[in-house]
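target22.txt (compact mmCIF, C-alpha atoms)
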# COMPACT_ATOMS: atom_id res chain seq x y z
CA MET V 14 68.01 50.39 45.22
CA ALA V 15 66.87 48.32 48.18
CA ASP V 16 66.67 44.58 47.73
CA HIS V 17 63.01 43.69 47.98
CA ALA V 18 63.82 40.08 48.73
CA THR V 19 65.06 40.87 52.23
CA SER V 20 62.77 40.25 55.17
CA SER V 21 62.96 43.91 56.20
CA VAL V 22 60.65 44.99 53.38
CA SER V 23 57.48 46.52 54.76
CA SER V 24 54.15 44.90 53.94
CA PRO V 25 51.95 46.18 51.10
CA GLU V 26 49.53 47.51 53.75
CA GLN V 27 52.33 49.51 55.41
CA ARG V 28 53.58 50.84 52.07
CA THR V 29 50.04 51.82 51.06
CA ALA V 30 49.61 53.69 54.35
CA ALA V 31 52.92 55.51 53.77
CA ILE V 32 51.82 56.68 50.31
CA GLU V 33 48.51 57.81 51.77
CA MET V 34 50.33 59.91 54.38
CA VAL V 35 52.53 61.58 51.75
CA LEU V 36 49.59 62.43 49.48
CA ARG V 37 47.57 63.78 52.42
CA ARG V 38 50.51 65.87 53.61
CA SER V 39 50.95 67.34 50.12
CA GLY V 40 47.32 68.44 50.02
CA ALA V 41 46.47 66.25 47.02
CA LEU V 42 44.49 63.73 49.05
CA THR V 43 41.40 65.15 50.70
CA GLU V 44 39.26 63.56 53.40
CA GLY V 45 36.93 60.90 52.07
CA PHE V 46 38.50 60.69 48.58
CA VAL V 47 39.47 57.01 48.85
CA GLU V 48 35.98 56.01 49.98
CA ASP V 49 34.22 58.20 47.41
CA PHE V 50 36.43 57.07 44.53
CA THR V 51 36.04 53.40 45.44
CA GLU V 52 32.29 53.71 45.74
CA HIS V 53 32.07 55.46 42.38
CA ALA V 54 34.34 52.91 40.69
CA ASP V 55 32.38 49.99 42.11
CA ASP V 56 28.96 51.48 41.30
CA ALA V 57 29.48 53.29 37.98
CA TRP V 58 32.18 51.33 36.13
CA VAL V 59 30.39 48.04 35.83
CA THR V 60 29.99 45.23 33.33
CA SER V 61 26.27 45.96 32.98
CA ASN V 62 27.14 49.18 31.09
CA GLY V 63 28.68 47.28 28.20
CA ALA V 64 26.04 44.57 28.52
CA ARG V 65 23.31 47.16 27.99
CA MET V 66 25.11 48.45 24.88
CA VAL V 67 25.35 44.90 23.53
CA ALA V 68 21.69 44.15 24.25
CA ARG V 69 20.63 47.34 22.55
CA ALA V 70 22.81 46.58 19.52
CA TRP V 71 21.11 43.18 19.24
CA THR V 72 17.66 44.76 19.17
CA ASP V 73 18.20 48.14 17.48
CA SER V 74 19.96 47.98 14.11
CA ALA V 75 20.46 51.75 13.86
CA PHE V 76 22.21 51.79 17.26
CA ARG V 77 24.25 48.76 16.24
CA ALA V 78 25.48 50.62 13.16
CA ARG V 79 26.38 53.70 15.25
CA MET V 80 28.14 51.57 17.84
CA LEU V 81 30.24 49.82 15.19
CA SER V 82 31.19 53.07 13.46
CA ASP V 83 31.85 55.12 16.64
CA GLY V 84 31.78 53.26 19.94
CA THR V 85 32.69 56.36 21.96
CA THR V 86 29.63 58.30 20.80
CA ALA V 87 27.38 55.26 21.22
CA ALA V 88 28.58 54.81 24.81
CA ARG V 89 28.10 58.50 25.62
CA GLU V 90 24.63 58.34 24.07
CA MET V 91 23.75 55.77 26.74
CA GLY V 92 25.17 57.96 29.50
CA PHE V 93 28.52 56.23 29.96
CA ASP V 94 31.78 58.14 30.18
CA PHE V 95 35.51 57.64 29.77
CA PRO V 96 38.62 58.77 31.63
CA GLU V 97 40.66 61.40 29.81
CA HIS V 98 43.22 58.89 28.54
CA HIS V 99 40.65 56.68 26.79
CA ARG V 100 40.38 58.54 23.50
CA HIS V 101 38.43 56.10 21.39
CA LEU V 102 36.23 53.04 21.88
CA VAL V 103 36.32 50.55 19.01
CA VAL V 104 33.60 47.89 19.02
CA LEU V 105 34.60 44.58 17.40
CA GLU V 106 31.79 42.57 15.89
CA ASN V 107 31.85 38.80 16.21
CA THR V 108 30.28 36.89 13.33
CA PRO V 109 29.84 33.13 12.82
CA GLY V 110 33.21 33.12 11.01
CA ILE V 111 35.16 35.75 13.00
CA HIS V 112 35.99 35.80 16.69
CA ASN V 113 37.64 38.82 18.34
CA VAL V 114 39.63 38.73 21.57
CA ILE V 115 41.22 41.59 23.53
CA VAL V 116 44.43 41.82 25.54
CA CYS V 117 46.93 44.38 26.82
CA THR V 118 50.36 42.76 26.58
CA LEU V 119 52.23 45.77 28.04
CA CYS V 120 50.07 46.35 31.13
CA SER V 121 46.33 45.93 31.72
CA CYS V 122 44.49 48.53 29.62
CA THR V 123 40.75 47.99 29.27
CA ALA V 124 37.62 50.06 28.66
CA TYR V 125 36.94 49.70 32.39
CA THR V 126 34.19 52.30 32.57
CA ILE V 127 32.25 50.28 29.98
CA ILE V 128 33.00 46.60 30.66
CA GLY V 129 34.02 46.92 34.33
CA ALA V 130 37.40 46.59 36.03
CA ALA V 131 39.67 44.09 34.29
CA PRO V 132 39.44 40.62 35.84
CA GLY V 133 42.51 39.12 37.48
CA TRP V 134 43.13 36.59 34.70
CA TYR V 135 43.22 39.38 32.09
CA LYS V 136 46.01 41.09 34.06
CA ASP V 137 47.95 37.87 34.65
CA LEU V 138 51.28 37.36 32.95
CA ASP V 139 50.14 34.05 31.43
CA TYR V 140 47.23 35.59 29.50
CA ARG V 141 49.27 38.63 28.38
CA ALA V 142 52.19 36.52 27.16
CA ARG V 143 50.25 33.76 25.43
CA VAL V 144 47.00 35.02 23.94
CA VAL V 145 48.69 36.99 21.15
CA ARG V 146 50.72 34.00 19.99
CA GLU V 147 48.59 30.98 20.86
CA SER V 148 45.09 32.44 20.99
CA ARG V 149 43.30 29.33 19.78
CA THR V 150 45.12 27.14 22.30
CA VAL V 151 44.61 29.58 25.18
CA LEU V 152 40.91 30.04 24.45
CA ARG V 153 40.46 26.26 24.25
CA GLU V 154 42.11 25.90 27.65
CA MET V 155 39.70 28.52 28.97
CA GLY V 156 36.74 26.53 27.69
CA LEU V 157 36.16 28.13 24.29
CA ASP V 158 36.91 25.58 21.56
CA LEU V 159 36.46 27.49 18.31
CA PRO V 160 36.01 25.65 15.01
CA ALA V 161 39.15 25.55 12.87
CA SER V 162 37.26 27.56 10.24
CA THR V 163 36.75 30.51 12.63
CA GLU V 164 39.20 33.36 12.04
CA ILE V 165 40.58 34.67 15.33
CA ARG V 166 41.41 38.36 15.55
CA VAL V 167 43.50 39.43 18.53
CA TRP V 168 43.54 43.11 19.55
CA ASP V 169 46.44 44.35 21.70
CA THR V 170 45.54 47.52 23.65
CA THR V 171 48.94 49.19 23.31
CA ALA V 172 47.74 52.72 22.54
CA ASP V 173 44.87 54.76 23.98
CA THR V 174 42.18 53.18 21.87
CA ARG V 175 39.98 50.87 23.93
CA TYR V 176 38.17 47.84 22.59
CA MET V 177 35.09 45.80 23.42
CA VAL V 178 33.69 42.76 21.66
CA LEU V 179 30.11 42.70 20.40
CA PRO V 180 29.25 39.02 20.92
CA LEU V 181 26.92 37.03 18.70
CA GLN V 182 23.38 36.90 20.03
CA PRO V 183 22.49 33.35 21.07
CA PRO V 184 19.73 32.12 18.71
CA ALA V 185 17.61 30.95 21.64
CA THR V 186 17.23 34.54 22.82
CA GLU V 187 15.53 35.97 19.71
CA GLY V 188 12.64 38.19 20.76
CA TRP V 189 13.84 38.73 24.34
CA SER V 190 13.52 42.16 25.95
CA VAL V 191 16.59 44.41 26.16
CA ASP V 192 16.75 44.00 29.95
CA LYS V 193 16.61 40.23 29.75
CA LEU V 194 19.27 40.21 27.02
CA ALA V 195 21.58 42.52 28.98
CA ALA V 196 21.47 40.12 31.92
CA ILE V 197 23.12 37.30 29.90
CA VAL V 198 26.06 39.35 28.57
CA THR V 199 29.21 38.59 30.55
CA GLN V 200 32.47 40.52 30.88
CA ALA V 201 34.38 37.53 29.45
CA ALA V 202 32.18 37.61 26.34
CA MET V 203 32.96 41.34 25.86
CA ILE V 204 36.68 40.53 26.16
CA GLY V 205 36.29 37.60 23.77
CA ALA V 206 37.33 34.88 26.18
CA SER V 207 33.96 33.20 25.87
CA ARG V 208 30.90 33.09 23.66
CA LEU V 209 27.35 32.95 24.90
CA TYR V 210 26.66 29.52 23.38
CA ASP V 211 25.08 28.00 26.43
CA VAL V 212 22.29 30.50 26.86
CA LYS V 213 18.99 28.68 26.37
CA GLY V 214 15.55 30.10 25.77
CA MET E 17 62.68 49.65 26.98
CA ASP E 18 62.91 45.91 26.46
CA SER E 19 61.95 44.92 29.98
CA LEU E 20 59.87 42.02 31.25
CA HIS E 21 56.61 44.00 31.14
CA ASP E 22 56.69 43.53 27.35
CA LEU E 23 55.21 40.05 27.57
CA GLY E 24 53.49 39.49 24.24
CA GLY E 25 54.66 36.24 22.64
CA ARG E 26 57.03 35.18 25.43
CA GLN E 27 57.00 31.43 25.87
CA GLY E 28 57.02 29.18 28.90
CA PHE E 29 53.97 30.64 30.63
CA GLY E 30 51.19 28.35 31.82
CA ARG E 31 47.43 28.04 31.84
CA VAL E 32 45.41 31.16 32.49
CA ASN E 33 43.89 31.09 35.96
CA TYR E 34 40.30 31.42 34.71
CA PRO E 35 37.78 32.21 36.01
CA ASP E 36 38.93 34.41 38.88
CA GLN E 37 39.00 33.03 42.38
CA PRO E 38 37.57 35.47 44.93
CA HIS E 39 40.13 37.08 47.22
CA ALA E 40 40.07 39.95 49.68
CA GLU E 41 42.99 42.40 49.88
CA THR E 42 41.86 45.52 51.63
CA TRP E 43 44.90 47.56 50.56
CA GLU E 44 44.32 47.00 46.83
CA PRO E 45 41.33 49.32 46.32
CA VAL E 46 43.17 51.93 48.41
CA VAL E 47 46.15 51.80 46.06
CA ARG E 48 43.81 52.17 43.09
CA ALA E 49 42.24 55.28 44.66
CA LEU E 50 45.57 56.81 45.71
CA SER E 51 46.96 56.40 42.22
CA ALA E 52 43.84 58.03 40.75
CA CYS E 53 44.24 60.88 43.27
CA ALA E 54 47.84 61.55 42.22
CA LEU E 55 46.88 61.36 38.54
CA ARG E 56 43.99 63.83 38.95
CA ASN E 57 46.23 66.23 40.84
CA HIS E 58 48.76 66.06 37.99
CA VAL E 59 51.50 64.67 40.20
CA TYR E 60 52.19 62.50 37.15
CA ASN E 61 50.52 61.46 33.89
CA MET E 62 49.46 57.98 32.73
CA ASP E 63 52.59 57.42 30.69
CA GLU E 64 54.87 58.37 33.58
CA PHE E 65 52.89 55.93 35.72
CA ARG E 66 53.21 53.13 33.17
CA HIS E 67 56.92 53.81 32.73
CA ALA E 68 57.50 53.69 36.49
CA ILE E 69 56.00 50.17 36.49
CA GLU E 70 58.21 49.21 33.53
CA ARG E 71 61.28 50.38 35.45
CA MET E 72 60.71 47.96 38.32
CA ALA E 73 63.43 45.37 38.82
CA PRO E 74 62.41 42.41 36.63
CA ARG E 75 62.47 40.00 39.57
CA HIS E 76 60.18 42.28 41.54
CA TYR E 77 57.89 42.87 38.55
CA VAL E 78 57.16 39.20 37.90
CA THR E 79 56.62 38.28 41.55
CA ALA E 80 54.63 41.30 42.76
CA PRO E 81 50.81 41.14 42.76
CA TYR E 82 49.17 43.54 40.33
CA TYR E 83 48.50 46.34 42.81
CA GLU E 84 51.96 46.04 44.37
CA ARG E 85 53.28 47.07 40.96
CA HIS E 86 50.98 50.08 41.14
CA LEU E 87 52.03 51.07 44.64
CA THR E 88 55.70 50.73 43.68
CA ALA E 89 55.13 53.04 40.71
CA VAL E 90 53.24 55.64 42.77
CA ALA E 91 55.96 55.68 45.43
CA THR E 92 58.72 55.93 42.83
CA LEU E 93 57.04 58.93 41.23
CA LEU E 94 56.37 60.63 44.57
CA VAL E 95 60.12 60.42 45.25
CA GLU E 96 61.08 61.57 41.75
CA LYS E 97 58.65 64.50 41.92
CA GLY E 98 60.17 65.59 45.22
CA LEU E 99 57.18 64.96 47.49
CA VAL E 100 59.13 62.56 49.71
CA THR E 101 62.48 60.77 49.92
CA GLN E 102 62.96 57.02 49.79
CA GLU E 103 64.36 57.10 53.34
CA GLU E 104 61.31 58.95 54.60
CA LEU E 105 59.01 56.49 52.84
CA ALA E 106 60.80 53.62 54.54
CA ALA E 107 60.43 55.33 57.90
CA LEU E 108 56.71 55.92 57.30
CA ALA E 109 56.22 52.30 56.18
CA GLY E 110 58.26 50.84 59.03
CA GLY E 111 60.59 48.88 56.73
CA ALA E 112 62.32 48.94 53.38
CA PHE E 113 60.30 50.41 50.50
CA PRO E 114 61.60 49.08 47.17
CA LEU E 115 61.27 51.49 44.26
CA ALA E 116 61.69 51.23 40.51
CA ALA E 117 65.03 51.95 38.83
CA PRO E 118 65.90 55.60 38.00
CA ILE E 119 64.44 57.19 34.89
CA GLY E 120 66.51 57.90 31.77
CA PRO E 121 65.99 60.32 28.89
CA GLY E 122 62.82 60.30 26.79
CA ARG E 123 62.54 61.24 23.12
CA LEU E 124 60.48 63.43 20.82
CA PRO E 125 58.24 62.14 18.01
CA ALA E 126 59.45 61.57 14.47
CA VAL E 127 58.71 64.04 11.67
CA PRO E 128 54.95 63.61 11.09
CA GLN E 129 53.82 61.49 8.16
CA SER E 130 50.32 60.11 7.94
CA PHE E 131 49.06 56.72 6.82
CA GLY E 132 45.74 55.66 5.34
CA ILE E 133 43.34 52.78 5.89
CA GLY E 134 44.48 49.80 3.83
CA GLU E 135 48.06 51.05 3.58
CA THR E 136 50.87 48.57 4.15
CA VAL E 137 53.26 49.89 6.81
CA ARG E 138 56.39 48.74 8.59
CA VAL E 139 57.16 49.15 12.27
CA LYS E 140 60.55 50.84 12.60
CA ASN E 141 63.44 48.72 13.79
CA GLU E 142 63.99 50.88 16.88
CA TYR E 143 65.41 50.02 20.29
CA VAL E 144 64.13 52.73 22.60
CA PRO E 145 65.88 53.03 25.99
CA GLY E 146 62.95 54.80 27.70
CA HIS E 147 59.17 54.55 27.65
CA VAL E 148 57.70 53.17 24.42
CA ARG E 149 54.31 51.64 23.62
CA MET E 150 55.52 49.45 20.77
CA PRO E 151 55.46 45.81 21.87
CA GLY E 152 58.68 44.06 20.87
CA TYR E 153 56.86 41.38 18.87
CA ILE E 154 55.99 43.82 16.05
CA ARG E 155 59.41 45.50 15.79
CA GLY E 156 60.49 45.61 12.15
CA LYS E 157 57.33 43.77 11.03
CA THR E 158 54.99 44.69 8.19
CA GLY E 159 51.21 45.00 8.50
CA VAL E 160 48.16 46.80 7.13
CA VAL E 161 46.37 49.81 8.66
CA VAL E 162 42.75 48.91 9.53
CA GLY E 163 41.83 51.79 11.86
CA ILE E 164 42.86 55.32 12.82
CA SER E 165 42.35 56.83 16.29
CA PRO E 166 42.33 60.46 17.46
CA PRO E 167 45.64 62.12 18.41
CA TYR E 168 47.12 61.47 21.84
CA PRO E 169 50.30 62.76 23.53
CA PHE E 170 53.36 60.89 22.26
CA PRO E 171 54.09 58.43 25.08
CA ASP E 172 57.88 58.31 24.66
CA ALA E 173 57.94 62.01 25.58
CA ALA E 174 54.99 62.11 28.01
CA GLY E 175 56.40 59.17 29.98
CA HIS E 176 59.46 61.28 30.79
CA GLY E 177 57.57 64.43 31.78
CA MET E 178 58.53 66.14 28.51
CA GLN E 179 56.23 68.34 26.45
CA ALA E 180 54.49 65.70 24.32
CA PRO E 181 53.11 66.62 20.89
CA MET E 182 49.89 64.83 19.94
CA GLU E 183 49.84 62.25 17.20
CA PRO E 184 47.35 59.67 15.87
CA THR E 185 47.58 55.97 16.45
CA TYR E 186 46.78 53.28 13.93
CA ASP E 187 45.29 49.84 14.41
CA VAL E 188 47.67 47.74 12.34
CA ARG E 189 46.84 44.16 11.34
CA PHE E 190 49.61 41.57 11.23
CA ARG E 191 49.52 37.86 10.51
CA SER E 192 50.72 35.78 13.43
CA ARG E 193 52.76 33.70 10.97
CA ASP E 194 54.74 36.81 10.03
CA LEU E 195 55.38 37.62 13.70
CA TRP E 196 56.36 34.13 14.89
CA PRO E 197 56.94 31.97 11.80
CA ASP E 198 56.43 28.25 12.43
CA SER E 199 55.66 28.72 16.11
CA CYS E 200 52.19 30.16 16.67
CA ASP E 201 48.47 29.62 16.17
CA ASP E 202 47.24 31.09 12.89
CA THR E 203 45.54 34.40 13.75
CA MET E 204 45.23 38.03 12.77
CA ASN E 205 47.02 40.22 15.31
CA HIS E 206 46.04 43.85 15.70
CA VAL E 207 48.16 46.36 17.58
CA GLY E 208 47.53 50.04 18.36
CA VAL E 209 50.65 51.76 17.00
CA PHE E 210 51.69 55.41 17.40
CA GLN E 211 52.43 57.21 14.15
CA SER E 212 56.09 57.81 15.01
CA TYR E 213 56.71 54.06 15.27
CA LEU E 214 55.68 53.47 11.66
CA GLU E 215 57.35 53.95 8.29
CA LYS E 216 56.22 53.72 4.70
CA VAL E 217 56.92 50.52 2.81
In structure tokens, write the structure found in this file.
Amino acid sequence: MADHATSSVSSPEQRTAAIEMVLRRSGALTEGFVEDFTEHADDAWVTSNGARMVARAWTDSAFRARMLSDGTTAAREMGFDFPEHHRHLVVLENTPGIHNVIVCTLCSCTAYTIIGAAPGWYKDLDYRARVVRESRTVLREMGLDLPASTEIRVWDTTADTRYMVLPLQPPATEGWSVDKLAAIVTQAAMIGASRLYDVKG
Amino acid sequence: MDSLHDLGGRQGFGRVNYPDQPHAETWEPVVRALSACALRNHVYNMDEFRHAIERMAPRHYVTAPYYERHLTAVATLLVEKGLVTQEELAALAGGAFPLAAPIGPGRLPAVPQSFGIGETVRVKNEYVPGHVRMPGYIRGKTGVVVGISPPYPFPDAAGHGMQAPMEPTYDVRFRSRDLWPDSCDDTMNHVGVFQSYLEKV
């Protein structure tokens, strides 16, 4: 194997171009695929999908019950889809006494069609290594200081089940419309790295 | 395999770089699209892709940006599937093109035995040389089944291009104090575990 540390290693741009040439030559890569795929990923696989599910769960108790018993069906009901290798969406309900947080220690698995592409920090080695073992400490460093009485539940995405957190609705937002509620739900809250404490009425 | 990708619980890592800082890398979305193209054309499956990342030289793995790990895996698989040689890749890229280490043998699932919600289970004390989705921090540990997911191809076979029988996965709940006695925050740790990795207690 070549030693990557030598200065003769081609740049990531050059290596990407080489892969593109091989896939085009093989017939797998068709004209416009990269642009079309990127546009679809950026437009369709967005955080607002999960945010709309959360907002609906806050305002529609029957949907909330369906979402907690079968997240996959609830997501499909709202018109969202999954890649073939995401077999099951499990929705984890935060309560005043329980806080859920998601990670993938082995790589970077996420329900990306529902909560959007995983953020850089989620894919970083530091988060993957530490959040399973020192979740309370890591969350505090990230700005979420949970009371000692709160039970933390960490979920490691090691199989093909995908997870999302159903955050607690901020009390100040009682009575808001679904659209207004969806706008306050962040990707970090659906991963469990933050709560929506600061939202004011 | 017990390589550096299996990060859960490793110590010495630092603060999570949160929130993300904006950065522009034009090759990164292209790599994402090219990998999706190869996957859709069945050049490889998700487990083969994950295993190719796991086979990267540890020094390369920990220093490469996220999408460089992806491009290394795609290139490795293109070579292994016979679409190009490493020498040709280097010529196309205009410099050395480091690849992951060669693949070894995979394995078939264990004799099927099912587990129920609430059942106490033990993760087998196995040291798998190839692709495996059991994080090392639960090896040999005892937990309780809290969820069952639909069957999925057994990754230890699929990751090696073998015919992969389907089997369910279980969300298993562990106590952090059982995983890392005396050296962890007190949490409930959940891991998605393939059926073959578990045994009755």
Item to complete: Would you please work out which residue, of E:Met178, E:Leu115, E:Val137, E:Met17, is nearest to chain V when using only C-alpha atoms?
Response: E:Leu115
Worksheet item: Using only C-alpha atoms, which residue out of V:Thr51, V:Pro160, V:Pro180, V:Gly45 lies closest to E:Val46?
Response: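 The answer is V:Thr51, which sits nearest to E:Val46.
Going from atom CA of V:Thr174 to atom CA of V:Arg100 covers 5.9 Å.
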Practice prompt. Work out how far atom CA of E:Val95 is from atom CA of V:Glu97, in Å to one decimal.
Written response: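 One can read the atom CA of V:Glu97 to atom CA of E:Val95 distance as 24.9 Å.
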Discussion item. To one decimal place in Å, what is the distance between atom CA of E:Phe29 and atom CA of V:Leu138?
Written reply: 7.6 Å
Fill in: Contact residues (chain E, partner chain V, 6 Å, all atoms listed in the file) as a list in words
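Matching residues, ligands excluded from the count: His21, Asp22, Leu23, Gly24, Gly25, Arg26, Phe29, Gly30, Val32, Asn33, Tyr34, Trp43, Ala49, Leu108, Ala109, Gly111, Ala112, Pro114, Arg149, Cys200, Asp201, Thr203, Met204, Asn205, His206, Val207 and Gly208 of chain E.
Proximity of E:Ser19, E:Ser192, E:Thr92, E:Ser130 to E:Pro118, computed with all atoms listed in the file, is greatest for E:Thr92.
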Item to complete: Identify, on the basis of only C-alpha atoms, every residue whose closest approach to E:Tyr60 does not exceed 8 Å; exclude the query and any residue fewer than 5 positions from it along the same chain; express the result as a PyMOL selection string.
Response: chain E and resi 54-55+65+93+177
Okay, now the selection with C-alpha atoms, as a short mmCIF file (atom, residue, chain, number, x, y, z; two decimals), keeping the file's coordinate frame?
data_model
loop_
_atom_site.label_atom_id
_atom_site.label_comp_id
_atom_site.auth_asym_id
_atom_site.auth_seq_id
_atom_site.Cartn_x
_atom_site.Cartn_y
_atom_site.Cartn_z
CA ALA E 54 47.84 61.55 42.22
CA LEU E 55 46.88 61.36 38.54
CA PHE E 65 52.89 55.93 35.72
CA LEU E 93 57.04 58.93 41.23
CA GLY E 177 57.57 64.43 31.78
#
Practice prompt. Find the spatial neighbours of V:Ala202, counting all atoms listed in the file, within a cut-off of 9 Å - ignore same-chain residues fewer than 3 positions away - and output them as a list in words.
Written response: Val114, Val178, Leu179, Pro180, Val198, Thr199, Gly205, Ala206, Ser207, Arg208 and Leu209 of chain V
Item to complete: Write out as number ranges by chain each polymer residue whose atoms come within 12 Å of V:Ala87, counting all atoms listed in the file; drop sequence neighbours fewer than 6 positions from it.
Response: V: 62-63, 65-67, 69-70, 75-81, 93-94, 101-104, 127
Item to complete: Could you check which of E:Phe131, E:Phe170, E:Tyr213, E:Tyr186 is closest to E:Arg155, using all atoms listed in the file?
Response: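 Counting all atoms listed in the file, the residue closest to E:Arg155 is E:Tyr213.
With all atoms listed in the file as the basis for measurement, V:Tyr210 is the residue among V:Tyr210, V:Trp58, V:Phe95, V:Trp71 that approaches V:Leu159 most closely.
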Item to complete: Rank E:Thr158, E:Ser212, E:Thr185, E:Ser165 by their smallest atom-to-atom distance to V:Asp83, using all atoms listed in the file, and report the top residue only.
Response: E:Ser165
